[in-house]
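File shown: input29.csv. Contents: CSV, C-alpha atoms and all ligand atoms.
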```
chain,number,residue,atom,x,y,z
A,902,MET,CA,4.2,2.7,10.4
A,903,ILE,CA,1.7,4.2,8.0
A,904,PHE,CA,3.5,5.1,4.8
A,905,ARG,CA,2.5,6.9,1.6
A,906,GLN,CA,4.6,8.1,-1.3
A,907,LEU,CA,2.9,11.2,-2.9
A,908,PHE,CA,3.9,12.6,-6.3
A,909,GLU,CA,3.7,16.3,-7.4
A,910,PRO,CA,4.0,16.3,-11.2
A,911,LEU,CA,5.0,19.9,-11.8
A,912,SER,CA,8.4,19.5,-10.1
A,913,SER,CA,8.3,15.7,-10.1
A,914,THR,CA,8.7,15.8,-6.4
A,915,TYR,CA,8.0,12.9,-4.0
A,916,THR,CA,6.5,13.9,-0.7
A,917,TYR,CA,6.5,11.2,2.0
A,918,LEU,CA,3.8,10.8,4.6
A,919,LEU,CA,4.8,8.8,7.6
A,920,GLY,CA,2.2,8.1,10.3
A,921,CYS,CA,2.4,6.5,13.7
A,922,ALA,CA,-0.4,3.9,13.9
A,923,GLU,CA,-0.4,4.1,17.7
A,924,THR,CA,-0.4,7.9,18.4
A,925,GLY,CA,-1.9,9.0,15.1
A,926,GLN,CA,0.8,11.6,14.7
A,927,ALA,CA,2.3,12.2,11.2
A,928,VAL,CA,5.1,13.9,9.4
A,929,LEU,CA,5.3,15.0,5.8
A,930,ILE,CA,8.8,15.0,4.3
A,931,ASP,CA,9.3,17.6,1.6
A,932,PRO,CA,5.7,18.7,1.1
A,933,VAL,CA,5.0,21.0,-1.9
A,934,ILE,CA,2.8,24.0,-1.7
A,935,VAL,CA,0.7,23.2,-4.8
A,936,ALA,CA,-0.2,19.8,-3.4
A,937,ILE,CA,-1.2,21.0,0.1
A,938,ASP,CA,-4.9,20.2,-0.3
A,939,ARG,CA,-4.2,16.7,-1.6
A,940,ASP,CA,-1.7,16.1,1.2
A,941,LEU,CA,-4.0,17.4,4.0
A,942,ALA,CA,-6.9,15.3,2.6
A,943,GLU,CA,-4.6,12.2,2.7
A,944,VAL,CA,-3.6,12.9,6.3
A,945,GLU,CA,-7.3,13.3,7.3
A,946,ARG,CA,-8.4,10.2,5.3
A,947,LEU,CA,-5.9,8.1,7.3
A,948,GLY,CA,-7.2,9.5,10.6
A,949,LEU,CA,-3.8,11.1,11.3
A,950,SER,CA,-2.9,14.5,12.7
A,951,LEU,CA,0.1,16.3,11.2
A,952,ALA,CA,2.7,17.0,13.9
A,953,TYR,CA,5.6,18.1,11.6
A,954,SER,CA,6.7,19.0,8.1
A,955,LEU,CA,10.3,18.0,7.5
A,956,GLU,CA,12.7,19.3,4.8
A,957,THR,CA,15.7,17.6,3.3
A,958,HIS,CA,17.0,20.9,2.1
A,959,ILE,CA,16.2,24.3,0.7
A,960,HIS,CA,14.6,23.5,-2.6
A,961,ALA,CA,15.1,25.4,-5.8
A,962,ASP,CA,12.4,23.8,-7.9
A,963,HIS,CA,9.3,24.1,-5.8
A,964,ILE,CA,8.0,26.0,-2.8
A,965,THR,CA,7.6,24.0,0.4
A,966,ALA,CA,4.2,23.7,2.1
A,967,GLY,CA,5.8,24.0,5.5
A,968,LEU,CA,4.5,27.4,6.5
A,969,GLU,CA,1.0,26.8,5.0
A,970,LEU,CA,0.7,23.5,6.8
A,971,LYS,CA,1.6,25.2,10.0
A,972,LYS,CA,-1.2,27.7,9.5
A,973,ARG,CA,-3.8,25.1,8.3
A,974,ALA,CA,-2.9,22.0,10.3
A,975,GLY,CA,-0.9,23.4,13.3
A,976,SER,CA,2.1,21.4,12.4
A,977,LYS,CA,5.6,22.4,13.3
A,978,ILE,CA,8.4,23.0,10.9
A,979,ALA,CA,11.6,20.9,11.1
A,980,ALA,CA,14.5,21.7,8.8
A,981,PRO,CA,18.3,21.4,8.9
A,982,ALA,CA,19.7,23.5,11.7
A,983,CYS,CA,22.7,24.5,9.7
A,984,ASP,CA,20.6,26.5,7.3
A,985,ARG,CA,19.6,28.7,10.3
A,986,LEU,CA,16.1,29.6,9.0
A,987,PRO,CA,14.4,31.8,11.6
A,988,CYS,CA,11.0,30.3,10.6
A,989,THR,CA,12.1,26.8,11.7
A,990,ASP,CA,10.5,25.3,14.9
A,991,LEU,CA,13.0,22.5,15.2
A,992,GLY,CA,16.6,22.4,13.8
A,993,ILE,CA,17.7,19.0,12.6
A,994,GLU,CA,21.2,17.9,13.4
A,995,GLU,CA,23.0,14.6,12.7
A,996,GLY,CA,23.2,12.4,15.8
A,997,LYS,CA,20.0,13.7,17.2
A,998,PRO,CA,17.1,11.4,16.2
A,999,PHE,CA,13.9,13.1,15.1
A,1000,GLN,CA,10.8,11.4,16.7
A,1001,VAL,CA,7.1,11.7,15.9
A,1002,GLY,CA,5.1,9.3,17.9
A,1003,GLY,CA,6.7,5.9,17.3
A,1004,ILE,CA,8.4,7.0,14.1
A,1005,VAL,CA,12.2,7.7,14.5
A,1006,LEU,CA,14.2,9.3,11.8
A,1007,HIS,CA,18.0,9.4,11.9
A,1008,PRO,CA,19.2,12.6,10.2
A,1009,LEU,CA,22.3,12.1,8.0
A,1010,HIS,CA,24.1,15.3,6.9
A,1011,THR,CA,24.7,14.7,3.2
A,1012,PRO,CA,26.1,17.9,1.6
A,1013,GLY,CA,26.9,18.3,-2.0
A,1014,HIS,CA,23.7,19.1,-3.7
A,1015,THR,CA,23.3,21.9,-1.2
A,1016,ASP,CA,25.6,22.4,1.8
A,1017,GLY,CA,22.8,22.0,4.3
A,1018,HIS,CA,21.3,18.9,2.8
A,1019,PHE,CA,20.0,16.0,5.0
A,1020,ALA,CA,18.9,12.5,4.3
A,1021,TYR,CA,16.7,10.6,6.9
A,1022,LEU,CA,17.0,6.9,7.8
A,1023,SER,CA,14.0,5.2,9.3
A,1024,GLY,CA,14.1,1.5,9.8
A,1025,ASP,CA,14.7,-0.1,6.4
A,1026,ARG,CA,14.0,3.1,4.4
A,1027,VAL,CA,16.2,6.1,3.7
A,1028,PHE,CA,14.8,9.3,2.4
A,1029,THR,CA,17.6,10.6,0.3
A,1030,GLY,CA,16.3,14.0,-0.9
A,1031,ASP,CA,18.3,15.2,-3.9
A,1032,ALA,CA,21.6,13.7,-2.7
A,1033,LEU,CA,20.9,10.3,-4.2
A,1034,LEU,CA,18.2,9.8,-6.9
A,1035,ILE,CA,17.4,6.6,-8.7
A,1036,GLU,CA,20.3,6.1,-11.1
A,1037,GLY,CA,21.1,9.8,-10.6
A,1038,CYS,CA,21.8,12.6,-8.2
A,1039,GLY,CA,21.0,16.2,-7.7
A,1040,ARG,CA,23.0,18.9,-9.5
A,1041,THR,CA,25.9,20.4,-7.7
A,1042,ASP,CA,26.2,23.8,-9.5
A,1043,PHE,CA,24.0,26.0,-7.2
A,1044,GLN,CA,23.3,26.6,-3.5
A,1045,ASN,CA,26.9,25.9,-2.4
A,1046,GLY,CA,26.8,22.6,-4.3
A,1047,ASP,CA,30.0,20.7,-4.4
A,1048,ALA,CA,30.7,17.5,-6.4
A,1049,ASP,CA,33.4,16.3,-4.1
A,1050,ALA,CA,31.2,16.7,-1.1
A,1051,LEU,CA,28.3,14.8,-2.8
A,1052,TYR,CA,30.6,11.9,-3.8
A,1053,LYS,CA,31.6,11.6,-0.2
A,1054,SER,CA,28.1,11.9,1.2
A,1055,VAL,CA,26.8,9.2,-1.1
A,1056,ARG,CA,29.7,6.8,-1.1
A,1057,GLU,CA,30.7,7.1,2.5
A,1058,LYS,CA,27.4,7.8,4.2
A,1059,LEU,CA,24.5,6.5,2.1
A,1060,PHE,CA,26.3,3.5,0.6
A,1061,SER,CA,27.5,2.4,4.1
A,1062,LEU,CA,23.9,1.7,5.0
A,1063,ALA,CA,22.7,-2.0,4.7
A,1064,ASP,CA,22.3,-3.2,1.1
A,1065,ASP,CA,18.6,-3.9,1.5
A,1066,VAL,CA,17.7,-0.4,2.8
A,1067,LEU,CA,15.1,1.1,0.4
A,1068,VAL,CA,16.1,4.3,-1.2
A,1069,TYR,CA,13.2,6.8,-1.5
A,1070,PRO,CA,14.3,9.9,-3.5
A,1071,ALA,CA,12.9,13.4,-3.5
A,1072,HIS,CA,12.4,13.3,-7.2
A,1073,ASP,CA,12.0,11.0,-10.1
A,1074,TYR,CA,11.5,12.1,-13.7
A,1075,LYS,CA,10.9,8.6,-15.2
A,1076,ASN,CA,8.1,7.2,-13.2
A,1077,ARG,CA,10.3,5.1,-10.9
A,1078,HIS,CA,9.4,5.0,-7.3
A,1079,VAL,CA,12.0,3.3,-5.2
A,1080,SER,CA,15.4,1.7,-5.3
A,1081,SER,CA,17.7,0.2,-2.7
A,1082,VAL,CA,21.3,0.8,-1.5
A,1083,ALA,CA,22.5,-2.4,-3.3
A,1084,GLN,CA,20.8,-1.4,-6.5
A,1085,GLU,CA,22.3,2.1,-6.5
A,1086,LYS,CA,25.7,0.8,-5.7
A,1087,LYS,CA,25.5,-1.4,-8.8
A,1088,ARG,CA,23.5,0.7,-11.2
A,1089,ASN,CA,24.0,4.3,-10.4
A,1090,PRO,CA,25.8,5.6,-13.5
A,1091,ARG,CA,27.3,8.6,-11.7
A,1092,LEU,CA,28.0,7.3,-8.2
A,1093,GLY,CA,28.0,3.5,-8.5
A,1094,GLU,CA,30.8,1.4,-7.1
A,1095,LYS,CA,33.0,1.6,-10.2
A,1096,ARG,CA,33.0,5.4,-10.4
A,1097,THR,CA,36.0,7.3,-9.1
A,1098,LEU,CA,35.9,10.8,-7.6
A,1099,GLU,CA,37.7,12.1,-10.7
A,1100,GLU,CA,35.0,10.5,-13.0
A,1101,PHE,CA,32.2,11.9,-10.9
A,1102,ARG,CA,33.7,15.4,-11.0
A,1103,ASN,CA,33.9,15.2,-14.7
A,1104,ILE,CA,30.3,13.9,-15.1
A,1105,MET,CA,29.0,16.8,-13.0
A,1106,ALA,CA,31.1,19.4,-14.6
A,1107,LYS,CA,29.9,18.4,-18.1
A,1108,LEU,CA,26.1,18.1,-17.4
A,1109,ASN,CA,25.5,21.4,-19.1
A,1110,LEU,CA,22.1,21.8,-17.4
A,1111,PRO,CA,20.0,24.9,-18.1
A,1112,TYR,CA,19.6,27.6,-15.4
A,1113,PRO,CA,16.9,26.4,-13.0
A,1114,LYS,CA,13.8,28.4,-14.1
A,1115,PHE,CA,12.2,28.7,-10.7
A,1116,ILE,CA,15.3,29.0,-8.4
A,1117,ASP,CA,15.3,32.8,-8.1
A,1118,TYR,CA,11.8,32.6,-6.6
A,1119,ALA,CA,11.9,29.2,-4.9
A,1120,VAL,CA,15.0,29.7,-2.8
A,1121,PRO,CA,14.0,33.1,-1.2
A,1122,GLY,CA,10.4,31.7,-0.7
A,1123,ASN,CA,11.8,28.5,1.0
A,1124,LYS,CA,14.2,30.5,3.2
A,1125,LEU,CA,10.9,31.8,4.7
A,1126,CYS,CA,9.7,28.2,5.0
A,1127,GLY,CA,7.3,28.5,2.1
A,1128,ILE,CA,6.1,31.9,0.9
A,1129,CYS,CA,4.9,32.3,-2.6
A,1130,PRO,CA,6.4,35.5,-4.0
A,1131,SER,CA,3.9,38.2,-5.1
A,1132,ASP,CA,5.9,39.1,-8.2
A,1133,LEU,CA,5.8,35.8,-10.0
A,1134,PRO,CA,5.8,36.1,-13.8
A,1135,GLU,CA,2.8,34.6,-15.5
A,1136,ASN,CA,4.6,31.6,-16.8
A,1137,LEU,CA,5.6,30.6,-13.3
A,1138,GLU,CA,2.3,31.1,-11.6
A,1139,LYS,CA,1.5,27.4,-11.8
A,1140,TYR,CA,4.2,26.8,-9.1
A,1141,CYS,CA,2.0,28.5,-6.6
A,1142,ARG,CA,-1.4,27.4,-7.8
A,1143,GLN,CA,-3.1,24.3,-6.3
A,1144,MET,CA,-2.8,21.3,-8.5
A,1145,SER,CA,-6.2,20.3,-9.8
A,1146,GLU,CA,-6.0,16.5,-9.8
A,1147,SER,CA,-4.7,14.2,-7.2
A,1148,PRO,CA,-2.3,11.9,-8.9
A,1149,GLN,CA,-0.5,9.7,-6.4
A,1150,GLY,CA,3.0,8.4,-6.9
A,1201,FE,FE,16.9,20.2,-4.6
```

Write the structure described by the file as structure tokens, please.
Amino acid sequence: MIFRQLFEPLSSTYTYLLGCAETGQAVLIDPVIVAIDRDLAEVERLGLSLAYSLETHIHADHITAGLELKKRAGSKIAAPACDRLPCTDLGIEEGKPFQVGGIVLHPLHTPGHTDGHFAYLSGDRVFTGDALLIEGCGRTDFQNGDADALYKSVREKLFSLADDVLVYPAHDYKNRHVSSVAQEKKRNPRLGEKRTLEEFRNIMAKLNLPYPKFIDYAVPGNKLCGICPSDLPENLEKYCRQMSESPQG
């Protein structure tokens, strides 16, 4: 499998490019609209053709490139079926493997950050979205978030994967790239093996995070599979403007 981890610095999002060496088909997990030129150039440079974009969840901190990729590259849009987005070409469900060429992704419903959140297991890698970050996790105070559900998703579903499965998160804010199931079990300060549900509830309740500055635009835009709102205030315009450089994560 051809594999690239691509970083979008404005929202600190990791987009994953998975390509099938035999068929040349590719999928982009969680592509960001401001990085679409960079991502399409990478797909082309590798001689691949983009079959799908695939979402882990409805994002609140960036706009997905799903719809623009469909227009520009002819790719289809795959997203969790339970979110019932009318713009989705393929609804993802647990128990139904998602296949692009020789690449097989096993969807794992991992609610808690959002109720419709999915992680994807492919061989020895798991793409954990915002359910499990490196030594962290996504917040649980918006989008039907639920700390109890997230605890269950991580501890019972993600931590039941083999210890040496590599954890690829949707974000990192400290220049880290990858972890593993074993490492998160040992070192995750919120969800590691020693943490009880009660402790996790308390940690999440006391995070005191600011209101997400882009959420009121990102969520409606992402429910349409990636439309930049026309009424963006000037200080948020950068969330819809192409990034100028091509830094890679
Ligand atoms: Fe998120």

Self-check item: Env. residues ligand FE 1201 (chain A) / 9 Å / only C-alpha atoms and all ligand atoms / as number ranges by chain
Solution: A: 957-963, 1014-1015, 1018, 1030-1032, 1039-1040, 1071-1072

Any chance you can output those residues with C-alpha atoms as a short mmCIF file (atom, residue, chain, number, x, y, z; two decimals), in the frame of the given file?
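Resulting contents of out.cif:
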```
data_model
loop_
_atom_site.label_atom_id
_atom_site.label_comp_id
_atom_site.auth_asym_id
_atom_site.auth_seq_id
_atom_site.Cartn_x
_atom_site.Cartn_y
_atom_site.Cartn_z
CA THR A 957 15.70 17.60 3.30
CA HIS A 958 17.00 20.90 2.10
CA ILE A 959 16.20 24.30 0.70
CA HIS A 960 14.60 23.50 -2.60
CA ALA A 961 15.10 25.40 -5.80
CA ASP A 962 12.40 23.80 -7.90
CA HIS A 963 9.30 24.10 -5.80
CA HIS A 1014 23.70 19.10 -3.70
CA THR A 1015 23.30 21.90 -1.20
CA HIS A 1018 21.30 18.90 2.80
CA GLY A 1030 16.30 14.00 -0.90
CA ASP A 1031 18.30 15.20 -3.90
CA ALA A 1032 21.60 13.70 -2.70
CA GLY A 1039 21.00 16.20 -7.70
CA ARG A 1040 23.00 18.90 -9.50
CA ALA A 1071 12.90 13.40 -3.50
CA HIS A 1072 12.40 13.30 -7.20
#
```

Quiz item: Quick one: residues within 9 Å of Glu923 (chain A), all atoms listed in the file counted, chain neighbours fewer than 2 positions away excluded, as an MDAnalysis selection string?
Solution: chainID A and resid 902 920:921 925:926 1002:1003

Practice problem: Name the closest residue to Tyr1074 (chain A) among the candidates A:Asn1089, A:Thr1097, A:Gln1044, A:Ser912; distances are taken between atoms, counting all atoms listed in the file. | Solution: A:Ser912

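You can rank A:Tyr953, A:Tyr915, A:Phe1028, A:Tyr1021 by their closest distance to Ala927 (chain A) using all atoms listed in the file, and at the top of that list sits A:Tyr953.
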
Practice problem: Extract, using all atoms listed in the file, all DNA, RNA and protein residues at most 9 Å from Thr1011 (chain A), discarding same-chain residues fewer than 2 positions from it, and format them as number ranges by chain. | Solution: A: 1009, 1013-1020, 1029, 1032, 1050-1051, 1053-1055, 1058-1059

Can you put N, CA, C and O atoms back into region 970-988 of chain A and show it as an mmCIF file, keeping the file's coordinate frame?
```cif
data_model
loop_
_atom_site.group_PDB
_atom_site.id
_atom_site.type_symbol
_atom_site.label_atom_id
_atom_site.label_comp_id
_atom_site.auth_asym_id
_atom_site.auth_seq_id
_atom_site.Cartn_x
_atom_site.Cartn_y
_atom_site.Cartn_z
ATOM 1 N N LEU A 970 1.180 24.594 5.964
ATOM 2 C CA LEU A 970 0.700 23.500 6.800
ATOM 3 C C LEU A 970 0.654 23.868 8.249
ATOM 4 O O LEU A 970 -0.262 23.472 8.978
ATOM 5 N N LYS A 971 1.616 24.673 8.656
ATOM 6 C CA LYS A 971 1.600 25.200 10.000
ATOM 7 C C LYS A 971 0.335 25.986 10.281
ATOM 8 O O LYS A 971 -0.324 25.840 11.315
ATOM 9 N N LYS A 972 -0.014 26.840 9.318
ATOM 10 C CA LYS A 972 -1.200 27.700 9.500
ATOM 11 C C LYS A 972 -2.485 26.842 9.444
ATOM 12 O O LYS A 972 -3.415 27.066 10.201
ATOM 13 N N ARG A 973 -2.536 25.866 8.542
ATOM 14 C CA ARG A 973 -3.800 25.100 8.300
ATOM 15 C C ARG A 973 -3.932 23.920 9.251
ATOM 16 O O ARG A 973 -5.042 23.548 9.622
ATOM 17 N N ALA A 974 -2.826 23.264 9.574
ATOM 18 C CA ALA A 974 -2.900 22.000 10.300
ATOM 19 C C ALA A 974 -2.260 22.126 11.715
ATOM 20 O O ALA A 974 -2.326 21.191 12.509
ATOM 21 N N GLY A 975 -1.599 23.241 11.960
ATOM 22 C CA GLY A 975 -0.900 23.400 13.300
ATOM 23 C C GLY A 975 0.349 22.640 13.401
ATOM 24 O O GLY A 975 0.859 22.479 14.514
ATOM 25 N N SER A 976 0.886 22.159 12.292
ATOM 26 C CA SER A 976 2.100 21.400 12.400
ATOM 27 C C SER A 976 3.336 22.282 12.582
ATOM 28 O O SER A 976 3.300 23.463 12.250
ATOM 29 N N LYS A 977 4.381 21.700 13.135
ATOM 30 C CA LYS A 977 5.600 22.400 13.300
ATOM 31 C C LYS A 977 6.547 22.200 12.131
ATOM 32 O O LYS A 977 6.397 21.206 11.411
ATOM 33 N N ILE A 978 7.492 23.111 11.986
ATOM 34 C CA ILE A 978 8.400 23.000 10.900
ATOM 35 C C ILE A 978 9.778 22.564 11.325
ATOM 36 O O ILE A 978 10.401 23.192 12.186
ATOM 37 N N ALA A 979 10.215 21.427 10.767
ATOM 38 C CA ALA A 979 11.600 20.900 11.100
ATOM 39 C C ALA A 979 12.404 21.020 9.800
ATOM 40 O O ALA A 979 11.951 20.654 8.712
ATOM 41 N N ALA A 980 13.613 21.524 9.946
ATOM 42 C CA ALA A 980 14.500 21.700 8.800
ATOM 43 C C ALA A 980 15.945 21.696 9.324
ATOM 44 O O ALA A 980 16.172 21.926 10.524
ATOM 45 N N PRO A 981 16.904 21.427 8.432
ATOM 46 C CA PRO A 981 18.300 21.400 8.900
ATOM 47 C C PRO A 981 18.711 22.632 9.668
ATOM 48 O O PRO A 981 18.498 23.762 9.218
ATOM 49 N N ALA A 982 19.294 22.411 10.842
ATOM 50 C CA ALA A 982 19.700 23.500 11.700
ATOM 51 C C ALA A 982 20.754 24.398 11.062
ATOM 52 O O ALA A 982 20.768 25.616 11.248
ATOM 53 N N CYS A 983 21.616 23.767 10.268
ATOM 54 C CA CYS A 983 22.700 24.500 9.700
ATOM 55 C C CYS A 983 22.290 25.589 8.708
ATOM 56 O O CYS A 983 23.041 26.519 8.419
ATOM 57 N N ASP A 984 21.077 25.479 8.181
ATOM 58 C CA ASP A 984 20.600 26.500 7.300
ATOM 59 C C ASP A 984 20.072 27.763 8.062
ATOM 60 O O ASP A 984 19.796 28.797 7.452
ATOM 61 N N ARG A 985 19.929 27.608 9.351
ATOM 62 C CA ARG A 985 19.600 28.700 10.300
ATOM 63 C C ARG A 985 18.393 29.560 9.777
ATOM 64 O O ARG A 985 18.433 30.791 9.747
ATOM 65 N N LEU A 986 17.323 28.889 9.402
ATOM 66 C CA LEU A 986 16.100 29.600 9.000
ATOM 67 C C LEU A 986 15.356 30.039 10.225
ATOM 68 O O LEU A 986 15.018 29.196 11.061
ATOM 69 N N PRO A 987 15.065 31.332 10.363
ATOM 70 C CA PRO A 987 14.400 31.800 11.600
ATOM 71 C C PRO A 987 12.957 31.265 11.716
ATOM 72 O O PRO A 987 12.391 31.269 12.806
ATOM 73 N N CYS A 988 12.387 30.783 10.608
ATOM 74 C CA CYS A 988 11.000 30.300 10.600
ATOM 75 C C CYS A 988 10.921 28.812 11.057
ATOM 76 O O CYS A 988 9.837 28.246 11.157
#
```
